[in-house]
Amino acid sequence: MSENKMGTMPMTKLILSMSLPAMFSMFIQSLYNIVDSIFVSLLGEEALTAVSLVFPMQMLIISFAVGTGVGVNSLIARRLGEKKYDEASHAANHGIILAIITWAVFALIGIFFTKPFITSMARGAQGVSQSIINWGIDYMWIVMVLSFGVFVEVSIEKSIQATGNMLYPMIFQLIGAVINIIFDPVFIFGFWFIPAMGVKGAAAATVMGQIISMLYALYIAHKKDFHVKFSLKNFKFRLKTVKDIYIVGIPSIIMQSIASVLITLLNKILIVLTPTAVTVLGVYYKLQSFVFMPVFGLTQGVMPIMGYNYGARDKKRLVEAVKKGTGIAFIIMAVGTAIFSLFPEQLLKIFNAKPDMLKIGIPALRIISLNFMPAAVGIMFGTFFQAIGKGIYSMAVSFLRQIVIILPVAKFLSQFGVNYVWFAFPIAESFSLIFCIFMYINVYKKQIKTMETYVKS
């Protein structure tokens, strides 16, 4: 079998060739997230608030889907670097089985816990109408119970990315995004024989995009030839493979789930002040995806490069991937900071923002965006930790940033008014960056510095 390009191609060219398709697809993913909210906002601010309340649960779905996929990706990349092709294929097939099992758990949560979750979010708050509660329940039930498409598609996507092929994963995401964008207005407002479904229609368009994307991913996995083979024929479930996946996967799941917990608890803090602040936070997360999603696309390209060269014991290429990946991420985040600082009003008006929303939202976008550039370094170092099988370090950094620091700071600052709450974001990011750099230096000294001893002649 020919030498994998991850071990030979010049690094900058390799990173761009592997990351640009993922960055583009993540950009499209951000576009459809925003388009979804734009159409919902035409139903009124209450509808947008209802969807914002459900957003943490959607993030939780993505956290488990992507977190498990990251574990599969890391294991496949390392096994390919070690030339253990059968074990790489076995990891990919385990990923599909684990995706189905995880979906079943979320479907049960959607069936039995949707109403209690939404009503608990509204408890103790003023200005939350029954319409917000009802729309939130409708939206959450659909995106939870019918989420099997996203779990299976992400598993296949991450497995293929681990082989160095970034084209098909980009196509998978594009299909889901385009289907969602097309059917959002059709299902929300009605067209021809299709009745107007309102907020339910937005949820239906989302899951339809996920399911069609999954079907295409399954077809490609079966028909095309990759460095791993997708087949459940003679499949044997191995607990050791599951363990190897979740050594990286569980910290990644927890790390990403922390964001879901963060938004849920921030919503609880903000909704007591005003439901409009919840809407602003939801809009911010939609908008910031235009900045963060390309960086996450970059990490999708860089992670298998790091994992492959770590498995191949090539210290020089591993460190080069970290440095160049961090530099590109920083540039993207700097551009994002400038846009959020200069054009907050224009960004908010995309979502049909009224004066009250603009009053809260304009300072919010300017203040929160101060955390973008420090986050660039933290995200890339976290990708490095995951790639070398040290996902627990990434989890520790995320836990520090999003639970230990930001929530107590946000709660404390809320007593001075809603505009002060937003300062919790840059404060938390700055402290976590210091910790992240310390962890990277520690890992480098213990595991990377002497790696050249093991490089093959």
# chains A, B, ... in the order shown; residues from 1 in each chain; ligands from 1

call {"tool": "closest_atom_pairs", "arguments": {"of": "region 44-110 of chain A", "to": "region 280-301 of chain A", "cutoff": "8 Å", "atoms": "only C-alpha atoms", "output": "CSV"}}
result
residue,atom,partner,partner_atom,distance
A:Thr49,CA,A:Gly282,CA,7.7
A:Ser52,CA,A:Gly282,CA,4.9
A:Leu53,CA,A:Gly282,CA,8.0
A:Phe55,CA,A:Gly282,CA,7.4

call {"tool": "write_last_selection", "arguments": {"atoms": "N, CA and C atoms", "output": "PDB file, in the first residue's frame"}}
result
ATOM      1  N   THR A  49     -36.767  32.612  20.962  1.00  0.00           N
ATOM      2  CA  THR A  49     -36.429  32.285  22.348  1.00  0.00           C
ATOM      3  C   THR A  49     -36.646  30.798  22.629  1.00  0.00           C
ATOM      4  N   SER A  52     -33.908  28.863  21.173  1.00  0.00           N
ATOM      5  CA  SER A  52     -32.681  29.114  21.946  1.00  0.00           C
ATOM      6  C   SER A  52     -32.652  28.269  23.217  1.00  0.00           C
ATOM      7  N   LEU A  53     -33.822  28.027  23.808  1.00  0.00           N
ATOM      8  CA  LEU A  53     -33.879  27.191  25.014  1.00  0.00           C
ATOM      9  C   LEU A  53     -33.509  25.741  24.700  1.00  0.00           C
ATOM     10  N   PHE A  55     -31.451  24.852  22.259  1.00  0.00           N
ATOM     11  CA  PHE A  55     -30.102  24.816  21.682  1.00  0.00           C
ATOM     12  C   PHE A  55     -29.108  24.002  22.519  1.00  0.00           C
TER      13      PHE A  55
END

call {"tool": "residues_around", "arguments": {"residues": "Asn93 (chain A)", "least_positions_apart": "6", "cutoff": "8 Å", "atoms": "only C-alpha atoms", "output": "list of chain:residue names"}}
result
A:Phe230, A:Ser231, A:Leu232, A:Phe235

call {"tool": "write_last_selection", "arguments": {"atoms": "N, CA, C and O atoms", "output": "PDB file, in the first residue's frame"}}
result
ATOM      1  N   PHE A 230     -15.533  -0.420   5.476  1.00  0.00           N
ATOM      2  CA  PHE A 230     -16.770  -0.397   6.255  1.00  0.00           C
ATOM      3  C   PHE A 230     -17.587  -1.651   5.934  1.00  0.00           C
ATOM      4  O   PHE A 230     -18.110  -1.799   4.829  1.00  0.00           O
ATOM      5  N   SER A 231     -17.689  -2.551   6.884  1.00  0.00           N
ATOM      6  CA  SER A 231     -18.489  -3.762   6.696  1.00  0.00           C
ATOM      7  C   SER A 231     -18.756  -4.393   8.058  1.00  0.00           C
ATOM      8  O   SER A 231     -17.831  -4.548   8.863  1.00  0.00           O
ATOM      9  N   LEU A 232     -20.021  -4.717   8.293  1.00  0.00           N
ATOM     10  CA  LEU A 232     -20.379  -5.374   9.548  1.00  0.00           C
ATOM     11  C   LEU A 232     -20.449  -6.887   9.384  1.00  0.00           C
ATOM     12  O   LEU A 232     -20.852  -7.596  10.305  1.00  0.00           O
ATOM     13  N   PHE A 235     -18.599  -9.124  11.853  1.00  0.00           N
ATOM     14  CA  PHE A 235     -18.193  -8.147  12.869  1.00  0.00           C
ATOM     15  C   PHE A 235     -18.239  -8.759  14.275  1.00  0.00           C
ATOM     16  O   PHE A 235     -19.179  -9.475  14.627  1.00  0.00           O
TER      17      PHE A 235
END

call {"tool": "closest_atom_pairs", "arguments": {"of": "region 25-45 of chain A", "to": "region 133-140 of chain A", "cutoff": "12 Å", "atoms": "only C-alpha atoms", "output": "CSV"}}
result
residue,atom,partner,partner_atom,distance
A:Val40,CA,A:Trp135,CA,10.9
A:Leu43,CA,A:Trp135,CA,11.1
A:Gly44,CA,A:Trp135,CA,11.8
A:Glu45,CA,A:Trp135,CA,11.9

call {"tool": "write_last_selection", "arguments": {"atoms": "C-alpha atoms", "output": "JSON list (two decimals), in the first residue's frame"}}
result
[["chain", "number", "residue", "atom", "x", "y", "z"],
["A", 40, "VAL", "CA", -37.73, 31.15, 12.95],
["A", 43, "LEU", "CA", -42.34, 33.99, 13.50],
["A", 44, "GLY", "CA", -41.42, 36.43, 16.29],
["A", 45, "GLU", "CA", -38.95, 36.82, 19.15]]

call {"tool": "closest_residue", "arguments": {"among": "A:Arg366, A:Lys5, A:His227, A:Lys324", "to": "Leu347 (chain A)", "atoms": "only C-alpha atoms"}}
result
A:Arg366

call {"tool": "closest_residue", "arguments": {"among": "A:Ile156, A:Lys13, A:Arg78, A:Glu87", "to": "Ala65 (chain A)", "atoms": "only C-alpha atoms"}}
result
A:Ile156

call {"tool": "residues_around", "arguments": {"residues": "Met197 (chain A)", "least_positions_apart": "3", "cutoff": "6 Å", "atoms": "only C-alpha atoms", "output": "compact mmCIF listing (two decimals) with N, CA and C atoms, in the first residue's frame"}}
result
# COMPACT_ATOMS: atom_id res chain seq x y z
N PHE A 187 -41.39 24.02 5.24
CA PHE A 187 -42.05 23.41 6.39
C PHE A 187 -42.54 24.45 7.41
N ILE A 188 -41.80 25.55 7.56
CA ILE A 188 -42.20 26.55 8.55
C ILE A 188 -43.45 27.31 8.09
N LYS A 200 -42.25 23.64 14.55
CA LYS A 200 -42.12 22.22 14.24
C LYS A 200 -41.48 22.01 12.87
N GLY A 201 -41.80 22.89 11.93
CA GLY A 201 -41.24 22.78 10.59
C GLY A 201 -39.74 22.97 10.56

call {"tool": "atom_distance", "arguments": {"atom1": "CA of Pro195 (chain A)", "atom2": "CA of Ala353 (chain A)"}}
result
27.0 Å

call {"tool": "closest_atom_pairs", "arguments": {"of": "region 308-335 of chain A", "to": "region 367-371 of chain A", "cutoff": "12 Å", "atoms": "only C-alpha atoms", "output": "Markdown table"}}
result
| residue | atom | partner | partner_atom | distance |
| --- | --- | --- | --- | --- |
| A:Phe330 | CA | A:Asn371 | CA | 11.4 |
| A:Met333 | CA | A:Ser369 | CA | 9.0 |
| A:Ala334 | CA | A:Leu370 | CA | 9.4 |
| A:Val335 | CA | A:Ser369 | CA | 10.5 |

call {"tool": "residues_around", "arguments": {"residues": "region 267-275 of chain A", "least_positions_apart": "4", "cutoff": "9 Å", "atoms": "only C-alpha atoms", "output": "list in words"}}
result
Glu46, Thr49, Ser52, Leu53, Met121, Ala122, Gly124, Ala125, Gln126, Gly127, Val128, Leu262, Ile263, Thr279, Val280, Leu281, Ala410, Lys411, Ser414, Gly417, Val418 and Val421 of chain A

call {"tool": "residues_around", "arguments": {"residues": "Gly69 (chain A)", "least_positions_apart": "5", "cutoff": "7 Å", "atoms": "only C-alpha atoms", "output": "list in words"}}
result
Gly95, Val154, Ser155 and Lys158 of chain A

call {"tool": "write_last_selection", "arguments": {"atoms": "C-alpha atoms", "output": "PDB file, in the first residue's frame"}}
result
ATOM      1  CA  GLY A  95     -17.977   3.653  15.477  1.00  0.00           C
ATOM      2  CA  VAL A 154     -20.826  11.870  11.894  1.00  0.00           C
ATOM      3  CA  SER A 155     -19.343   8.444  12.686  1.00  0.00           C
ATOM      4  CA  LYS A 158     -14.882  11.085  11.157  1.00  0.00           C
TER       5      LYS A 158
END

call {"tool": "closest_residue", "arguments": {"among": "A:Trp103, A:Tyr308, A:Phe438, A:Phe372", "to": "Ser341 (chain A)", "atoms": "only C-alpha atoms"}}
result
A:Phe372

call {"tool": "closest_residue", "arguments": {"among": "A:Gln210, A:Gln58, A:Ser17, A:Ser147", "to": "Leu167 (chain A)", "atoms": "only C-alpha atoms"}}
result
A:Ser17

call {"tool": "closest_residue", "arguments": {"among": "A:Phe237, A:Phe106, A:Phe117, A:Phe385", "to": "Phe151 (chain A)", "atoms": "only C-alpha atoms"}}
result
A:Phe106

call {"tool": "atom_distance", "arguments": {"atom1": "CA of Met57 (chain A)", "atom2": "CA of Val261 (chain A)"}}
result
8.9 Å

call {"tool": "residues_around", "arguments": {"residues": "Asp86 (chain A)", "least_positions_apart": "5", "cutoff": "9 Å", "atoms": "only C-alpha atoms", "output": "PyMOL selection string"}}
result
chain A and resi 79+91+228-229

call {"tool": "select_by_dssp", "arguments": {"residues": "region 175-413 of chain A", "states": "helix (DSSP H, G or I)", "output": "number ranges by chain"}}
result
A: 175-189, 199-223, 239-273, 275-311, 315-342, 344-349, 355-387, 391-413

call {"tool": "atom_distance", "arguments": {"atom1": "CA of Met255 (chain A)", "atom2": "CA of Gly71 (chain A)"}}
result
12.6 Å

call {"tool": "closest_residue", "arguments": {"among": "A:Phe423, A:Gly336, A:Gly382, A:Phe226", "to": "Pro408 (chain A)", "atoms": "only C-alpha atoms"}}
result
A:Phe423
